[in-house]
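A.B. asks: The structure is given below, and queries will be raised subsequently.
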Amino acid sequence: MISIEDVSFSYHKKKILRSVSLEIRQGDCIGFLGANGCGKSTLLSLIAGVRKPKGGSILYDGKPLNSKLASSGVLGYVPQDNPLIPDLSVKDNLKLWYRGTAGQFQQELSEGFLHLLGISDFLHMPAAKLSGGMKKRVSIGMALQNHPGILILDEPSAALDLPCKADIRSYLSVYLKNGGTVLITTHEETELVLCSRLYLLYDGQLHQTDTTLRGEQLLALIQQTTNQMEGKP
Amino acid sequence: MRQHGTYLFYQLKRALRHGPQMLLGAIVLAVFAGTIAFCAIKEMESSDTSVSVPVAVVIEDQSEVMNLLLSFLSDMQSTGHFIFRVMTEQNAYSALENGSAAAVMLVPKNVIEGIMDGTNLHVHVLLSEKNALAAILLQELSAAGAKILSAAQAGTYTMTTLYHIADKMDALSDAYMELDLRNLNYALSRGDLFHVIHANATGEESVLIYYLASAALLFLLLFGICYLSFYGKSNAACDAKERACGIGYPTVLLGRISGIFLYQLILLFILAAFMPYLARTFLLSFQQCLFMLALSAALLFSISAFFFFLYELVPSPGHAMLLLFFSSVLMMLVSGCFVPNAFLPVWCRHIAAVLPVRYWMQTLFAILNIPAHVILDHNAIIHNLLPITAYAAFFLSGGCLAHIFHAKRRG
């Protein structure tokens with residue numbers, strides 16, 4: 001489905017990704033772990049087509065991601081920061097990226113995932129006046145409202161309250177059961193449980209790890225790679 | 001395609017949401033610019049009536065005829081603002097140095113005889129750099145005086161030649177007396193038939209038109225500050241979302257340009273709505289109204305492009321606002337929009353020649369002068385339209401390049 005071949009990326013002459021290769025099949029849930037600044041968000045933004053790789057290629061069903069494919073709604077991307085336009089209302093922010101009809105949008109609000117996220121309660125508030133958690137909900141809602149085939153989530157649960165985290169987790173399980181594909185960076189163990197494959201990113205390369213690793217073991221692994229990157233023993 | 005249309009629609013909606021802020025900003029700016037224009041017009045008009053220019057006169061031979069000429073000059077209406085003071089050369093130079101004299105007039109020996117016999121000895125006039133307005137007035141007066149003298153001399157020489165051909169040289173002195181009388185009679189009566197030209201520091205424009213244009217330009221330029229809220233903080237996540245949804249640079253740039261041009265379009269619609277009233281008041285023809293609107297549209301388009309360029313040039317809208325304020329005020333100052341060019345150093349005029357403000361100001365003059373002209377000067381209109389359109393193209397392309405550069409730099 002998605003084929004990442006020898007992808008490299010550098011930012012201000014600093015190598016972030018070196019020859020990263022990965023095959024993603026439909027129904028996969030792939031988790032990316034790593035220390036801060038190791039390139040997890042960069043990798044997701046490359047897959048989402050936000051950035052272009054300096055080397056290698058990313059192919060969707062054998063074709064490179066172009067603007068037509070991107071605008072078709074095949075991808076749902078939730079960046080780490082909230083992509084909301086502050087001077088538009090929540091409804092306008094959602095409608096801006098909604099690809100269905102006005103009737104379908106109303107249905108989505110009343111019984112769809114937007115309803116599940118509790119967005120209907122503050123639909124007419126300007127995005128600038130929302131709390132951090134509310135903004136995150138809307139950002140996720142913006143990505144999920146078009147029911148994309150591939151979900152790319154960059155720390156989706158950050159700043160969310162526990163009920164909302166649970167809602168997202170349950171939505172992701174349903175989504176995966178229905179054949180959806182999820183690429184996620186997260187530090188939430190409850191979300192890691194959903195992952196069929198787990199990759200640790202350090203030194204610009206992906207290293208597959210055991211999906212059963214939890215808690216202290218996971219922390220120790222990340223700490224170990226951080227120390228390696230910083231040259232500590 | 002639908003996605004791009006929706007994106008543009010919401011960008012315009014965003015811009016419209018800032019309507020109340022824009023309106024408030026426009027009112028404050030209108031009051032600000034209007035006050036400046038009002039004060040400047042009042043100041044220029046009051047200084048026009050009370051101006052008195054002291055001129056130090058250094059005479060090499062002080063004769064009765066010379067004293068008569070000076071008193072004649074002082075009594076003339078056209079030289080009423082000048083106070084001629086005869087003094088020694090040394091005193092005259094010190095007066096020029098300390099600013100108590102606006103000019104020194106060095107009158108050589110036998111100057112009157114020189115006028116009479118046509119040798120026309122030079123009268124040197126030294127102007128003070130400190131008093132540009134006095135310098136302009138003296139230059140205008142000298143040019144007018146030279147024209148009158150040359151016309152009188154041409155008459156005298158013609159008559160002398162004719163009398164010489166007719167071999168009536170003995171009757172020439174009586175003829176000179178007769179010529180003086182007739183010259184005077186004709187000159188006085190015919191004076192009414194010629195246009196009276198008022199020389200002022202604002203060049204060809206009246207003080208009123210000059211400061212109206214200046215205030216309008218200040219208002220239009222500072223109106224760009226109101227776009228601060230529309231541009232808002234740059235949001236890398238929004239950029240990412242746009243790109244992830246296939247919204248590329250052309251659509252993003254079109255959205256930003258449309259948002260900026262929207263309010264200029266509204267201004268243009270307001271002007272168009274007032275056009276029937278203006279046409280009735282100033283008896284404007286349909287063609288004049290059309291030209292007025294076309295020039296206004298080009299001017300607003302060009303100024304909007306300037307806003308777009310500045311907001312895209314610097315990374316944050318706050319910096320753009322500061323840059324807009326300082327660049328506008330500085331360009332207006334150098335281009336002689338606050339203080340007429342006559343008072344500014346020559347290098348300022350060279351710089352002003354390449355600044356867009358000069359052409360915006362000229363376009364405003366053209367717009368404000370349309371009611372005063374029955375026949376439209378198409379050439380002047382085209383001469384204004386071309387440079388401001390070229391500047392608009394430059395600013396638009398520069399703004400687009402700056403946007404792409406910053407977007408790529410942000411990664």
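Each chain in the structure tokens gets a letter, A, B and so on, in the order shown; residues start at 1 in every chain, and ligands are counted from 1 in the order they appear.
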For chain A against chain B, with a cut-off of 10 Å and counting only C-alpha atoms, what is the closest atom pair and its distance in Å to one decimal for every residue that makes the cut, ordered by chain and number, as JSON lines?

C.D. replies:
```
{"residue": "A:Tyr11", "atom": "CA", "partner": "B:Gly411", "partner_atom": "CA", "distance": 7.8}
{"residue": "A:His12", "atom": "CA", "partner": "B:Arg409", "partner_atom": "CA", "distance": 9.0}
{"residue": "A:Thr42", "atom": "CA", "partner": "B:Gly411", "partner_atom": "CA", "distance": 9.7}
{"residue": "A:Ser45", "atom": "CA", "partner": "B:Ala240", "partner_atom": "CA", "distance": 7.8}
{"residue": "A:Leu46", "atom": "CA", "partner": "B:Ala244", "partner_atom": "CA", "distance": 9.6}
{"residue": "A:Ile47", "atom": "CA", "partner": "B:Ala244", "partner_atom": "CA", "distance": 9.4}
{"residue": "A:Ala48", "atom": "CA", "partner": "B:Ala244", "partner_atom": "CA", "distance": 5.7}
{"residue": "A:Gly49", "atom": "CA", "partner": "B:Ala244", "partner_atom": "CA", "distance": 5.6}
{"residue": "A:Val50", "atom": "CA", "partner": "B:Arg243", "partner_atom": "CA", "distance": 5.2}
{"residue": "A:Arg51", "atom": "CA", "partner": "B:Gly411", "partner_atom": "CA", "distance": 7.0}
{"residue": "A:Lys52", "atom": "CA", "partner": "B:Gly411", "partner_atom": "CA", "distance": 9.3}
{"residue": "A:Leu65", "atom": "CA", "partner": "B:Gly246", "partner_atom": "CA", "distance": 9.6}
{"residue": "A:Asn66", "atom": "CA", "partner": "B:Gly246", "partner_atom": "CA", "distance": 7.5}
{"residue": "A:Ser67", "atom": "CA", "partner": "B:Gly246", "partner_atom": "CA", "distance": 4.2}
{"residue": "A:Lys68", "atom": "CA", "partner": "B:Gly246", "partner_atom": "CA", "distance": 6.5}
{"residue": "A:Leu69", "atom": "CA", "partner": "B:Gly246", "partner_atom": "CA", "distance": 7.6}
{"residue": "A:Ala70", "atom": "CA", "partner": "B:Gly246", "partner_atom": "CA", "distance": 4.9}
{"residue": "A:Ser71", "atom": "CA", "partner": "B:Gly246", "partner_atom": "CA", "distance": 4.6}
{"residue": "A:Ser72", "atom": "CA", "partner": "B:Cys245", "partner_atom": "CA", "distance": 7.9}
{"residue": "A:Gly73", "atom": "CA", "partner": "B:Cys245", "partner_atom": "CA", "distance": 7.2}
{"residue": "A:Val74", "atom": "CA", "partner": "B:Cys245", "partner_atom": "CA", "distance": 9.4}
{"residue": "A:Leu75", "atom": "CA", "partner": "B:Ala244", "partner_atom": "CA", "distance": 7.9}
{"residue": "A:Gly76", "atom": "CA", "partner": "B:Ala244", "partner_atom": "CA", "distance": 8.3}
{"residue": "A:Tyr77", "atom": "CA", "partner": "B:Ala244", "partner_atom": "CA", "distance": 7.0}
{"residue": "A:Val78", "atom": "CA", "partner": "B:Lys241", "partner_atom": "CA", "distance": 7.9}
{"residue": "A:Pro79", "atom": "CA", "partner": "B:Ala237", "partner_atom": "CA", "distance": 6.3}
{"residue": "A:Gln80", "atom": "CA", "partner": "B:Ala237", "partner_atom": "CA", "distance": 7.6}
{"residue": "A:Asp81", "atom": "CA", "partner": "B:Ala237", "partner_atom": "CA", "distance": 5.6}
{"residue": "A:Asn82", "atom": "CA", "partner": "B:Ala237", "partner_atom": "CA", "distance": 6.0}
{"residue": "A:Pro83", "atom": "CA", "partner": "B:Cys238", "partner_atom": "CA", "distance": 4.2}
{"residue": "A:Leu84", "atom": "CA", "partner": "B:Cys238", "partner_atom": "CA", "distance": 6.3}
{"residue": "A:Ile85", "atom": "CA", "partner": "B:Cys238", "partner_atom": "CA", "distance": 7.1}
{"residue": "A:Pro86", "atom": "CA", "partner": "B:Gly232", "partner_atom": "CA", "distance": 8.5}
{"residue": "A:Asp87", "atom": "CA", "partner": "B:Arg14", "partner_atom": "CA", "distance": 6.5}
{"residue": "A:Leu88", "atom": "CA", "partner": "B:Arg14", "partner_atom": "CA", "distance": 6.4}
{"residue": "A:Ser89", "atom": "CA", "partner": "B:Arg14", "partner_atom": "CA", "distance": 9.7}
{"residue": "A:Asp92", "atom": "CA", "partner": "B:Tyr10", "partner_atom": "CA", "distance": 7.5}
{"residue": "A:Asn93", "atom": "CA", "partner": "B:Tyr10", "partner_atom": "CA", "distance": 8.7}
{"residue": "A:Lys95", "atom": "CA", "partner": "B:Thr6", "partner_atom": "CA", "distance": 8.5}
{"residue": "A:Leu96", "atom": "CA", "partner": "B:Thr6", "partner_atom": "CA", "distance": 6.2}
{"residue": "A:Trp97", "atom": "CA", "partner": "B:Gln3", "partner_atom": "CA", "distance": 7.4}
{"residue": "A:Tyr98", "atom": "CA", "partner": "B:Gln3", "partner_atom": "CA", "distance": 8.5}
{"residue": "A:Arg99", "atom": "CA", "partner": "B:Gln3", "partner_atom": "CA", "distance": 7.4}
{"residue": "A:Ser139", "atom": "CA", "partner": "B:Lys241", "partner_atom": "CA", "distance": 9.8}
{"residue": "A:Met142", "atom": "CA", "partner": "B:Lys241", "partner_atom": "CA", "distance": 9.8}
{"residue": "A:Ala143", "atom": "CA", "partner": "B:Lys241", "partner_atom": "CA", "distance": 9.3}
```

A.B. asks: For the residues selected in the previous step, produce a file with C-alpha atoms as a tab-separated table (two decimals), in the first residue's frame.

C.D. replies:
```tsv
chain	number	residue	atom	x	y	z
A	11	TYR	CA	17.25	19.87	7.94
A	12	HIS	CA	19.77	22.72	7.94
A	42	THR	CA	9.53	14.46	10.15
A	45	SER	CA	5.17	14.58	7.56
A	46	LEU	CA	7.12	12.98	4.69
A	47	ILE	CA	4.57	10.16	4.46
A	48	ALA	CA	1.74	12.73	4.59
A	49	GLY	CA	3.32	14.63	1.71
A	50	VAL	CA	3.89	17.79	3.74
A	51	ARG	CA	7.62	17.59	3.11
A	52	LYS	CA	9.54	16.12	0.24
A	65	LEU	CA	1.88	11.25	-3.70
A	66	ASN	CA	0.74	14.21	-5.78
A	67	SER	CA	-1.62	17.07	-4.96
A	68	LYS	CA	-4.54	15.30	-6.66
A	69	LEU	CA	-4.10	12.21	-4.52
A	70	ALA	CA	-3.56	14.33	-1.41
A	71	SER	CA	-6.73	16.35	-2.00
A	72	SER	CA	-8.78	13.19	-2.65
A	73	GLY	CA	-8.94	12.57	1.10
A	74	VAL	CA	-7.12	9.25	1.07
A	75	LEU	CA	-4.91	10.51	3.92
A	76	GLY	CA	-5.94	11.91	7.26
A	77	TYR	CA	-3.08	13.73	8.90
A	78	VAL	CA	-3.02	15.11	12.44
A	79	PRO	CA	0.16	17.13	12.95
A	80	GLN	CA	1.68	17.54	16.39
A	81	ASP	CA	0.55	21.19	16.63
A	82	ASN	CA	-3.04	22.14	15.95
A	83	PRO	CA	-3.65	23.15	12.35
A	84	LEU	CA	-6.59	25.40	13.22
A	85	ILE	CA	-7.19	28.83	11.74
A	86	PRO	CA	-7.73	30.87	14.90
A	87	ASP	CA	-10.09	33.50	13.49
A	88	LEU	CA	-12.52	30.96	12.03
A	89	SER	CA	-15.11	29.14	14.08
A	92	ASP	CA	-15.69	26.69	9.58
A	93	ASN	CA	-12.40	24.99	10.39
A	95	LYS	CA	-15.96	22.56	6.81
A	96	LEU	CA	-12.79	23.97	5.27
A	97	TRP	CA	-11.35	20.46	4.98
A	98	TYR	CA	-14.61	18.51	4.65
A	99	ARG	CA	-15.12	16.87	1.29
A	139	SER	CA	-7.65	18.71	14.87
A	142	MET	CA	-10.62	17.46	10.91
A	143	ALA	CA	-8.53	14.43	9.95
```

A.B. asks: Mind checking which residues fall within 10 Å of Ala158 (chain A), counting only C-alpha atoms, ignoring those fewer than 2 positions away in the same chain, and posting them as a PyMOL selection string?

C.D. replies: chain A and resi 80-81+132-133+136+154-156+160-161+165+186-188

A.B. asks: Store the residues of this selection in a file with C-alpha atoms, as an mmCIF file, in the first residue's frame.

C.D. replies:
```cif
data_model
loop_
_atom_site.group_PDB
_atom_site.id
_atom_site.type_symbol
_atom_site.label_atom_id
_atom_site.label_comp_id
_atom_site.auth_asym_id
_atom_site.auth_seq_id
_atom_site.Cartn_x
_atom_site.Cartn_y
_atom_site.Cartn_z
ATOM 1 C CA GLN A 80 1.677 17.544 16.389
ATOM 2 C CA ASP A 81 0.550 21.189 16.626
ATOM 3 C CA GLY A 132 -5.614 22.976 24.312
ATOM 4 C CA GLY A 133 -7.641 19.771 24.648
ATOM 5 C CA LYS A 136 -6.692 18.746 19.758
ATOM 6 C CA ASP A 154 1.436 12.608 15.367
ATOM 7 C CA GLU A 155 0.908 12.299 19.115
ATOM 8 C CA PRO A 156 -2.879 12.519 18.893
ATOM 9 C CA LEU A 160 -6.444 15.358 25.854
ATOM 10 C CA ASP A 161 -8.457 14.387 28.900
ATOM 11 C CA LYS A 165 -8.255 9.530 24.950
ATOM 12 C CA THR A 186 2.658 8.197 20.692
ATOM 13 C CA HIS A 187 3.857 7.740 24.226
ATOM 14 C CA GLU A 188 0.520 6.315 25.353
#
```

A.B. asks: Within region 114-326 of chain B, find each residue whose DSSP state, derived from the backbone, is helix (DSSP H, G or I), and express the selection as a PyMOL selection string.

C.D. replies: chain B and resi 114-117+132-165+169-193+207-231+236-244+249-282+286-313+317-326

A.B. asks: If you measure from CA of Ala135 (chain B) to CA of Phe365 (chain B), what distance in Å do you get, rounded to one decimal?

C.D. replies: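 CA of Phe365 (chain B) lies 24.8 Å from CA of Ala135 (chain B).
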
A.B. asks: Could you pull the residues within 12 Å of Phe325 (chain B), counting only C-alpha atoms, minus those fewer than 2 positions along the same chain, as a list in words?

C.D. replies: Leu218, Phe219, Leu220, Leu221, Leu222, Phe223, Gly224, Ile225, Cys226, Leu228, Phe307, Leu310, Tyr311, Gly318, His319, Ala320, Met321, Leu322, Leu323, Ser327, Ser328, Val329, Leu330, Met331 and Met332 of chain B
